[in-house]
$ cat input.cif   # mmCIF, C-alpha atoms and all ligand atoms
data_start
loop_
_atom_site.group_PDB
_atom_site.id
_atom_site.type_symbol
_atom_site.label_atom_id
_atom_site.label_comp_id
_atom_site.auth_asym_id
_atom_site.auth_seq_id
_atom_site.Cartn_x
_atom_site.Cartn_y
_atom_site.Cartn_z
ATOM 1 C CA MET A 288 105.499 104.350 77.737
ATOM 2 C CA THR A 289 105.747 103.768 81.450
ATOM 3 C CA THR A 290 104.667 100.315 82.450
ATOM 4 C CA ALA A 291 103.141 99.467 85.769
ATOM 5 C CA THR A 292 106.289 97.573 86.647
ATOM 6 C CA GLU A 293 108.459 100.561 85.921
ATOM 7 C CA ALA A 294 106.120 102.759 87.879
ATOM 8 C CA ALA A 295 106.236 100.396 90.815
ATOM 9 C CA GLU A 296 109.993 100.049 90.685
ATOM 10 C CA VAL A 297 110.458 103.790 90.469
ATOM 11 C CA GLY A 298 108.033 104.231 93.292
ATOM 12 C CA THR A 299 109.600 101.542 95.443
ATOM 13 C CA GLY A 300 112.276 103.595 96.988
ATOM 14 C CA MET A 301 111.710 101.973 100.389
ATOM 15 C CA ALA A 302 113.719 104.861 101.723
ATOM 16 C CA GLY A 303 115.036 104.304 105.170
ATOM 17 C CA GLY A 304 113.333 100.962 105.679
ATOM 18 C CA GLU A 305 109.827 102.243 104.978
ATOM 19 C CA ARG A 306 107.035 99.699 104.926
ATOM 20 C CA SER A 307 106.592 97.587 101.854
ATOM 21 C CA ILE A 308 103.492 96.117 100.302
ATOM 22 C CA VAL A 309 103.597 93.435 97.648
ATOM 23 C CA ALA A 310 100.673 93.530 95.225
ATOM 24 C CA PHE A 311 100.028 90.384 93.205
ATOM 25 C CA CYS A 312 98.165 91.716 90.171
ATOM 26 C CA CYS A 313 96.219 89.925 87.474
ATOM 27 C CA ARG A 314 97.407 90.937 84.014
ATOM 28 C CA GLU A 315 93.887 91.169 82.650
ATOM 29 C CA CYS A 316 92.545 93.725 85.104
ATOM 30 C CA ALA A 317 94.542 95.076 88.041
ATOM 31 C CA TYR A 318 97.856 95.267 86.236
ATOM 32 C CA ALA A 319 96.199 96.846 83.219
ATOM 33 C CA ALA A 320 94.493 99.349 85.526
ATOM 34 C CA ALA A 321 97.847 100.055 87.193
ATOM 35 C CA ASP A 322 99.456 100.629 83.815
ATOM 36 C CA THR A 323 96.733 103.053 82.801
ATOM 37 C CA SER A 324 97.073 104.955 86.056
ATOM 38 C CA ALA A 325 100.845 105.122 85.575
ATOM 39 C CA ASN A 326 100.396 106.482 82.063
ATOM 40 C CA ALA A 327 98.109 109.124 83.510
ATOM 41 C CA ARG A 328 100.920 109.928 85.953
ATOM 42 C CA THR A 329 98.843 108.984 88.949
ATOM 43 C CA SER A 330 101.262 108.324 91.746
ATOM 44 C CA LEU A 331 101.064 105.242 93.909
ATOM 45 C CA PRO A 332 102.292 104.998 97.490
ATOM 46 C CA PRO A 333 106.055 104.371 97.405
ATOM 47 C CA SER A 334 105.534 101.275 99.521
ATOM 48 C CA VAL A 335 103.960 99.197 96.755
ATOM 49 C CA ARG A 336 105.729 96.678 94.562
ATOM 50 C CA LEU A 337 103.702 95.065 91.779
ATOM 51 C CA ILE A 338 103.995 91.420 90.795
ATOM 52 C CA LEU A 339 102.457 90.528 87.424
ATOM 53 C CA LEU A 340 100.405 87.332 87.219
ATOM 54 C CA PRO A 341 98.399 85.861 84.337
ATOM 55 C CA CYS A 342 95.528 85.383 86.808
ATOM 56 C CA THR A 343 95.156 85.660 90.575
ATOM 57 C CA GLY A 344 94.350 81.951 90.540
ATOM 58 C CA ARG A 345 98.120 81.439 90.323
ATOM 59 C CA VAL A 346 98.665 82.885 93.798
ATOM 60 C CA SER A 347 99.241 80.288 96.465
ATOM 61 C CA PRO A 348 99.194 80.794 100.215
ATOM 62 C CA LEU A 349 102.929 80.113 100.127
ATOM 63 C CA HIS A 350 103.507 83.139 97.877
ATOM 64 C CA LEU A 351 101.625 85.363 100.298
ATOM 65 C CA LEU A 352 103.253 84.013 103.432
ATOM 66 C CA SER A 353 106.717 84.029 101.870
ATOM 67 C CA ALA A 354 106.354 87.682 100.918
ATOM 68 C CA LEU A 355 105.432 88.541 104.504
ATOM 69 C CA ALA A 356 108.186 86.375 105.941
ATOM 70 C CA GLU A 357 110.786 87.871 103.586
ATOM 71 C CA GLY A 358 110.096 91.478 104.466
ATOM 72 C CA ALA A 359 106.741 92.685 103.178
ATOM 73 C CA ASP A 360 104.553 94.372 105.756
ATOM 74 C CA GLY A 361 101.431 93.619 103.751
ATOM 75 C CA VAL A 362 100.381 91.624 100.719
ATOM 76 C CA MET A 363 97.441 92.260 98.457
ATOM 77 C CA VAL A 364 95.949 90.280 95.624
ATOM 78 C CA ALA A 365 94.195 92.300 92.929
ATOM 79 C CA GLY A 366 92.085 90.412 90.425
ATOM 80 C CA CYS A 367 89.180 90.652 88.048
ATOM 81 C CA LEU A 368 85.674 91.348 89.230
ATOM 82 C CA GLU A 369 83.858 88.324 90.570
ATOM 83 C CA GLY A 370 82.401 86.374 87.685
ATOM 84 C CA GLN A 371 84.755 88.022 85.185
ATOM 85 C CA CYS A 372 87.952 86.030 85.631
ATOM 86 C CA HIS A 373 89.367 85.146 82.209
ATOM 87 C CA TYR A 374 90.153 81.701 83.578
ATOM 88 C CA ARG A 375 86.660 81.253 85.004
ATOM 89 C CA GLU A 376 87.295 80.705 88.702
ATOM 90 C CA GLY A 377 90.799 81.968 89.320
ATOM 91 C CA ASN A 378 89.716 84.934 91.376
ATOM 92 C CA PHE A 379 87.376 82.795 93.478
ATOM 93 C CA ASN A 380 90.297 80.497 94.223
ATOM 94 C CA ALA A 381 92.375 83.548 95.139
ATOM 95 C CA ILE A 382 89.669 84.786 97.497
ATOM 96 C CA ASP A 383 89.667 81.402 99.228
ATOM 97 C CA ARG A 384 93.464 81.454 99.559
ATOM 98 C CA VAL A 385 93.531 84.981 100.927
ATOM 99 C CA THR A 386 90.879 84.002 103.463
ATOM 100 C CA PHE A 387 92.951 80.960 104.405
ATOM 101 C CA VAL A 388 96.069 83.085 104.905
ATOM 102 C CA GLN A 389 94.126 85.631 106.963
ATOM 103 C CA ARG A 390 92.951 82.868 109.288
ATOM 104 C CA LEU A 391 96.441 81.451 109.486
ATOM 105 C CA LEU A 392 97.902 84.848 110.376
ATOM 106 C CA GLU A 393 95.242 85.410 112.983
ATOM 107 C CA SER A 394 95.961 82.000 114.524
ATOM 108 C CA VAL A 395 99.570 83.010 115.186
ATOM 109 C CA GLY A 396 98.698 86.486 116.433
ATOM 110 C CA VAL A 397 99.490 88.427 113.250
ATOM 111 C CA GLU A 398 96.971 90.975 112.004
ATOM 112 C CA PRO A 399 94.892 89.366 109.212
ATOM 113 C CA GLU A 400 94.469 92.702 107.462
ATOM 114 C CA ARG A 401 98.075 92.395 106.321
ATOM 115 C CA CYS A 402 96.656 90.176 103.567
ATOM 116 C CA ARG A 403 93.775 91.478 101.456
ATOM 117 C CA MET A 404 91.964 90.696 98.224
ATOM 118 C CA PHE A 405 90.646 93.389 95.869
ATOM 119 C CA THR A 406 88.738 93.066 92.619
ATOM 120 C CA MET A 407 88.364 95.517 89.754
ATOM 121 C CA SER A 408 88.120 95.777 85.986
ATOM 122 C CA ALA A 409 90.850 96.938 83.648
ATOM 123 C CA GLY A 410 88.839 100.087 83.035
ATOM 124 C CA GLU A 411 88.946 101.148 86.670
ATOM 125 C CA PRO A 412 92.385 102.636 87.345
ATOM 126 C CA PRO A 413 91.004 104.791 90.185
ATOM 127 C CA ARG A 414 89.753 101.642 91.880
ATOM 128 C CA PHE A 415 93.213 100.116 91.697
ATOM 129 C CA VAL A 416 94.810 103.265 93.075
ATOM 130 C CA ALA A 417 92.222 103.408 95.868
ATOM 131 C CA ALA A 418 92.905 99.770 96.755
ATOM 132 C CA VAL A 419 96.646 100.350 96.969
ATOM 133 C CA LYS A 420 96.181 103.494 99.040
ATOM 134 C CA GLU A 421 93.801 101.720 101.400
ATOM 135 C CA MET A 422 96.254 98.878 101.831
ATOM 136 C CA ASP A 423 99.060 101.348 102.488
ATOM 137 C CA ARG A 424 96.940 103.215 105.033
ATOM 138 C CA VAL A 425 95.809 100.106 106.893
ATOM 139 C CA VAL A 426 99.247 98.487 106.992
ATOM 140 C CA GLY A 427 100.851 101.783 107.934
ATOM 141 C CA ALA A 428 98.662 101.952 111.025
ATOM 142 C CA LEU A 429 99.797 98.529 112.242
ATOM 143 C CA PRO A 430 102.779 97.907 114.511
ATOM 144 C CA PRO A 431 105.951 96.579 112.862
ATOM 145 C CA LEU A 432 105.851 92.922 111.916
ATOM 146 C CA THR A 433 108.431 90.934 113.849
ATOM 147 C CA ARG A 434 110.159 87.938 112.280
ATOM 148 C CA CYS A 435 112.578 85.334 113.473
ATOM 149 C CA ALA A 436 114.515 82.414 112.030
ATOM 150 C CA ALA A 437 112.579 79.204 111.542
ATOM 151 C CA GLY A 438 112.960 77.007 114.589
ATOM 152 C CA ALA A 439 114.387 79.794 116.709
ATOM 153 C CA ASP A 440 112.973 80.804 120.033
ATOM 154 C CA PRO A 441 110.991 83.932 119.118
ATOM 155 C CA SER A 442 111.407 85.516 122.548
ATOM 156 C CA ALA A 443 115.174 85.066 122.346
ATOM 157 C CA THR A 444 115.209 86.597 118.876
ATOM 158 C CA ALA A 445 113.165 89.551 119.946
ATOM 159 C CA VAL A 446 115.094 90.569 122.995
ATOM 160 C CA GLY A 447 118.352 88.687 123.172
ATOM 161 C CA ALA A 448 120.072 88.973 119.825
ATOM 162 C CA GLY A 449 121.557 92.384 120.420
ATOM 163 C CA ASP A 450 121.083 93.461 116.802
ATOM 164 C CA THR A 451 117.401 93.986 117.144
ATOM 165 C CA ALA A 452 114.863 95.249 119.602
ATOM 166 C CA PRO A 453 111.359 94.029 120.332
ATOM 167 C CA GLY A 454 109.017 95.075 117.579
ATOM 168 C CA THR A 455 111.709 95.459 114.938
ATOM 169 C CA ARG A 456 112.705 93.242 112.066
ATOM 170 C CA VAL A 457 115.471 90.744 112.288
ATOM 171 C CA GLY A 458 118.553 91.171 110.133
ATOM 172 C CA ALA A 459 118.875 90.056 106.551
ATOM 173 C CA ALA A 460 121.160 87.161 107.428
ATOM 174 C CA ARG A 461 118.595 85.771 109.783
ATOM 175 C CA ARG A 462 115.844 86.207 107.219
ATOM 176 C CA SER A 463 117.836 84.308 104.630
ATOM 177 C CA ALA A 464 118.227 81.450 107.065
ATOM 178 C CA GLY A 465 114.520 80.764 106.877
ATOM 179 C CA PRO A 466 112.262 83.301 108.508
ATOM 180 C CA ALA A 467 109.045 82.818 110.352
ATOM 181 C CA LEU A 468 106.367 85.274 111.313
ATOM 182 C CA VAL A 469 106.046 86.140 114.949
ATOM 183 C CA ALA A 470 103.244 87.884 116.728
ATOM 184 C CA PRO A 471 103.993 91.463 117.769
ATOM 185 C CA GLY A 472 104.442 90.263 121.331
ATOM 186 C CA GLY A 473 106.796 87.484 120.308
ATOM 187 C CA GLU A 474 104.089 84.833 120.634
ATOM 188 C CA HIS A 475 103.235 82.015 118.245
HETATM 189 FE FE1 LIG A 501 91.974 88.173 86.268
HETATM 190 FE FE2 LIG A 501 91.662 85.537 86.647
HETATM 191 S S1 LIG A 501 92.105 86.552 84.790
HETATM 192 S S2 LIG A 501 91.624 87.134 88.123
#
$ encode --input "input.cif" --output "structure tokens" --more "lines below"
Ligand code: FES
Amino acid sequence: MTTATEAAEVGTGMAGGERSIVAFCCRECAYAAADTSANARTSLPPSVRLILLPCTGRVSPLHLLSALAEGADGVMVAGCLEGQCHYREGNFNAIDRVTFVQRLLESVGVEPERCRMFTMSAGEPPRFVAAVKEMDRVVGALPPLTRCAAGADPSATAVGAGDTAPGTRVGAARRSAGPALVAPGGEH
């Protein structure tokens, strides 16, 4: 049997530095829907990487921001339908955290649509696939997300480092030193 994780890993070729989307999926609904769609051999965009959670209530803003800072071009949280969280209010907490991260991104000039929340039931694999495809389409239409080392002058990183050009990602070494998100124009 092909699990959703296997499907995601197979599909995450990230060939040639393609965009990447990290999907934090509740085990009870979104991940189950992803597994069913994988078993039906429904292909997902190669950009998506699934992260299994017991409930979306376990997602913190730090998880979402770290994923973006470490290389993801978009992050999505996929949980149970509103009112159907197996842990009562986990998905409502996730919605609040996604909204918080969207506002935070917007405040530093990063497109808030890079972080989205979706809800579905386990019996709705097409809804999961549609959510992933929508995320891939929306993120794919955005300009590249620029990052720089924490504490570094973003304008110097964008134009002066020599190993990167404006609008491109910084190198892996710089990311490992503690990355920060930077607005497309190099602004905070
Ligand atoms: Fe699915 Fe909480 S159990 S969102």
$ resolve_selection --input "input.cif" --expression "the PyMOL selection byres (((not hetatm)) within 7 of (chain A and resi 501))" --output "list in words"
Cys313, Arg314, Glu315, Cys316, Pro341, Cys342, Thr343, Gly344, Gly366, Cys367, Cys372, His373, Tyr374, Arg375, Glu376, Gly377 and Asn378 of chain A
$ write_last_selection --input "input.cif" --atoms "C-alpha atoms" --output "PDB file, keeping the file's coordinate frame"
ATOM      1  CA  CYS A 313      96.219  89.925  87.474  1.00  0.00           C
ATOM      2  CA  ARG A 314      97.407  90.937  84.014  1.00  0.00           C
ATOM      3  CA  GLU A 315      93.887  91.169  82.650  1.00  0.00           C
ATOM      4  CA  CYS A 316      92.545  93.725  85.104  1.00  0.00           C
ATOM      5  CA  PRO A 341      98.399  85.861  84.337  1.00  0.00           C
ATOM      6  CA  CYS A 342      95.528  85.383  86.808  1.00  0.00           C
ATOM      7  CA  THR A 343      95.156  85.660  90.575  1.00  0.00           C
ATOM      8  CA  GLY A 344      94.350  81.951  90.540  1.00  0.00           C
ATOM      9  CA  GLY A 366      92.085  90.412  90.425  1.00  0.00           C
ATOM     10  CA  CYS A 367      89.180  90.652  88.048  1.00  0.00           C
ATOM     11  CA  CYS A 372      87.952  86.030  85.631  1.00  0.00           C
ATOM     12  CA  HIS A 373      89.367  85.146  82.209  1.00  0.00           C
ATOM     13  CA  TYR A 374      90.153  81.701  83.578  1.00  0.00           C
ATOM     14  CA  ARG A 375      86.660  81.253  85.004  1.00  0.00           C
ATOM     15  CA  GLU A 376      87.295  80.705  88.702  1.00  0.00           C
ATOM     16  CA  GLY A 377      90.799  81.968  89.320  1.00  0.00           C
ATOM     17  CA  ASN A 378      89.716  84.934  91.376  1.00  0.00           C
TER      18      ASN A 378
END
$ closest_atom_pairs --input "input.cif" --of "region 314-417 of chain A" --to "region 423-431 of chain A" --cutoff "9 Å" --atoms "all atoms listed in the file" --output "JSON lines"
{"residue": "A:Pro332", "atom": "CA", "partner": "A:Asp423", "partner_atom": "CA", "distance": 7.0}
{"residue": "A:Ser334", "atom": "CA", "partner": "A:Asp423", "partner_atom": "CA", "distance": 7.1}
{"residue": "A:Val335", "atom": "CA", "partner": "A:Asp423", "partner_atom": "CA", "distance": 7.8}
{"residue": "A:Asp360", "atom": "CA", "partner": "A:Val426", "partner_atom": "CA", "distance": 6.8}
{"residue": "A:Gly361", "atom": "CA", "partner": "A:Val426", "partner_atom": "CA", "distance": 6.2}
{"residue": "A:Glu398", "atom": "CA", "partner": "A:Leu429", "partner_atom": "CA", "distance": 8.1}
{"residue": "A:Glu400", "atom": "CA", "partner": "A:Val426", "partner_atom": "CA", "distance": 7.5}
{"residue": "A:Arg401", "atom": "CA", "partner": "A:Val426", "partner_atom": "CA", "distance": 6.2}
$ closest_residue --input "input.cif" --among "A:Cys435, A:Leu349, A:Val385, A:Ala325" --to "Arg403 (chain A)" --atoms "only C-alpha atoms"
A:Val385
$ closest_residue --input "input.cif" --among "A:Arg328, A:Arg414, A:His350, A:Arg390" --to "Ala365 (chain A)" --atoms "only C-alpha atoms"
A:Arg414
$ atom_distance --input "input.cif" --atom1 "CA of Ala356 (chain A)" --atom2 "CA of Asp383 (chain A)"
20.3 Å
$ closest_residue --input "input.cif" --among "A:Val364, A:Ala320, A:Gly410, A:Thr433" --to "Val395 (chain A)" --atoms "all atoms listed in the file"
A:Thr433
$ atom_distance --input "input.cif" --atom1 "CA of Ser307 (chain A)" --atom2 "CA of Ala359 (chain A)"
5.1 Å
$ closest_residue --input "input.cif" --among "A:Phe311, A:Ser330, A:Val346, A:Glu305" --to "Val416 (chain A)" --atoms "all atoms listed in the file"
A:Ser330
$ residues_around --input "input.cif" --residues "Phe387 (chain A)" --least-positions-apart "2" --cutoff "12 Å" --atoms "all atoms listed in the file" --output "ChimeraX atom specification"
/A:347-349,351-352,380-385,389-394,399,402-404
$ atom_distance --input "input.cif" --atom1 "CA of Met363 (chain A)" --atom2 "CA of Ala321 (chain A)"
13.7 Å
$ closest_residue --input "input.cif" --among "A:Leu368, A:Val397, A:Ala418, A:Ile308" --to "Leu432 (chain A)" --atoms "only C-alpha atoms"
A:Val397
$ build_atoms --input "input.cif" --residues "region 306-321 of chain A" --atoms "N, CA and C atoms" --output "mmCIF file, in the frame of the given file"
data_model
loop_
_atom_site.group_PDB
_atom_site.id
_atom_site.type_symbol
_atom_site.label_atom_id
_atom_site.label_comp_id
_atom_site.auth_asym_id
_atom_site.auth_seq_id
_atom_site.Cartn_x
_atom_site.Cartn_y
_atom_site.Cartn_z
ATOM 1 N N ARG A 306 107.821 100.925 105.104
ATOM 2 C CA ARG A 306 107.035 99.699 104.926
ATOM 3 C C ARG A 306 106.976 99.316 103.453
ATOM 4 N N SER A 307 106.727 98.060 103.228
ATOM 5 C CA SER A 307 106.592 97.587 101.854
ATOM 6 C C SER A 307 105.343 96.725 101.731
ATOM 7 N N ILE A 308 104.702 96.880 100.596
ATOM 8 C CA ILE A 308 103.492 96.117 100.302
ATOM 9 C C ILE A 308 103.683 95.458 98.949
ATOM 10 N N VAL A 309 103.482 94.167 98.905
ATOM 11 C CA VAL A 309 103.597 93.435 97.648
ATOM 12 C C VAL A 309 102.191 93.218 97.104
ATOM 13 N N ALA A 310 101.983 93.649 95.866
ATOM 14 C CA ALA A 310 100.673 93.530 95.225
ATOM 15 C C ALA A 310 100.758 92.527 94.081
ATOM 16 N N PHE A 311 100.088 91.399 94.255
ATOM 17 C CA PHE A 311 100.028 90.384 93.205
ATOM 18 C C PHE A 311 98.862 90.756 92.289
ATOM 19 N N CYS A 312 99.179 91.129 91.058
ATOM 20 C CA CYS A 312 98.165 91.716 90.171
ATOM 21 C C CYS A 312 97.900 90.856 88.944
ATOM 22 N N CYS A 313 96.637 90.618 88.687
ATOM 23 C CA CYS A 313 96.219 89.925 87.474
ATOM 24 C C CYS A 313 96.503 90.806 86.249
ATOM 25 N N ARG A 314 97.067 90.208 85.243
ATOM 26 C CA ARG A 314 97.407 90.937 84.014
ATOM 27 C C ARG A 314 96.183 91.519 83.325
ATOM 28 N N GLU A 315 95.074 90.797 83.421
ATOM 29 C CA GLU A 315 93.887 91.169 82.650
ATOM 30 C C GLU A 315 93.140 92.376 83.223
ATOM 31 N N CYS A 316 93.338 92.651 84.502
ATOM 32 C CA CYS A 316 92.545 93.725 85.104
ATOM 33 C C CYS A 316 93.407 94.660 85.951
ATOM 34 N N ALA A 317 93.846 94.188 87.113
ATOM 35 C CA ALA A 317 94.542 95.076 88.041
ATOM 36 C C ALA A 317 95.826 95.635 87.449
ATOM 37 N N TYR A 318 96.599 94.772 86.796
ATOM 38 C CA TYR A 318 97.856 95.267 86.236
ATOM 39 C C TYR A 318 97.591 96.250 85.095
ATOM 40 N N ALA A 319 96.571 95.933 84.298
ATOM 41 C CA ALA A 319 96.199 96.846 83.219
ATOM 42 C C ALA A 319 95.730 98.183 83.799
ATOM 43 N N ALA A 320 94.957 98.119 84.879
ATOM 44 C CA ALA A 320 94.493 99.349 85.526
ATOM 45 C C ALA A 320 95.675 100.127 86.100
ATOM 46 N N ALA A 321 96.655 99.398 86.646
ATOM 47 C CA ALA A 321 97.847 100.055 87.193
ATOM 48 C C ALA A 321 98.633 100.728 86.083
#
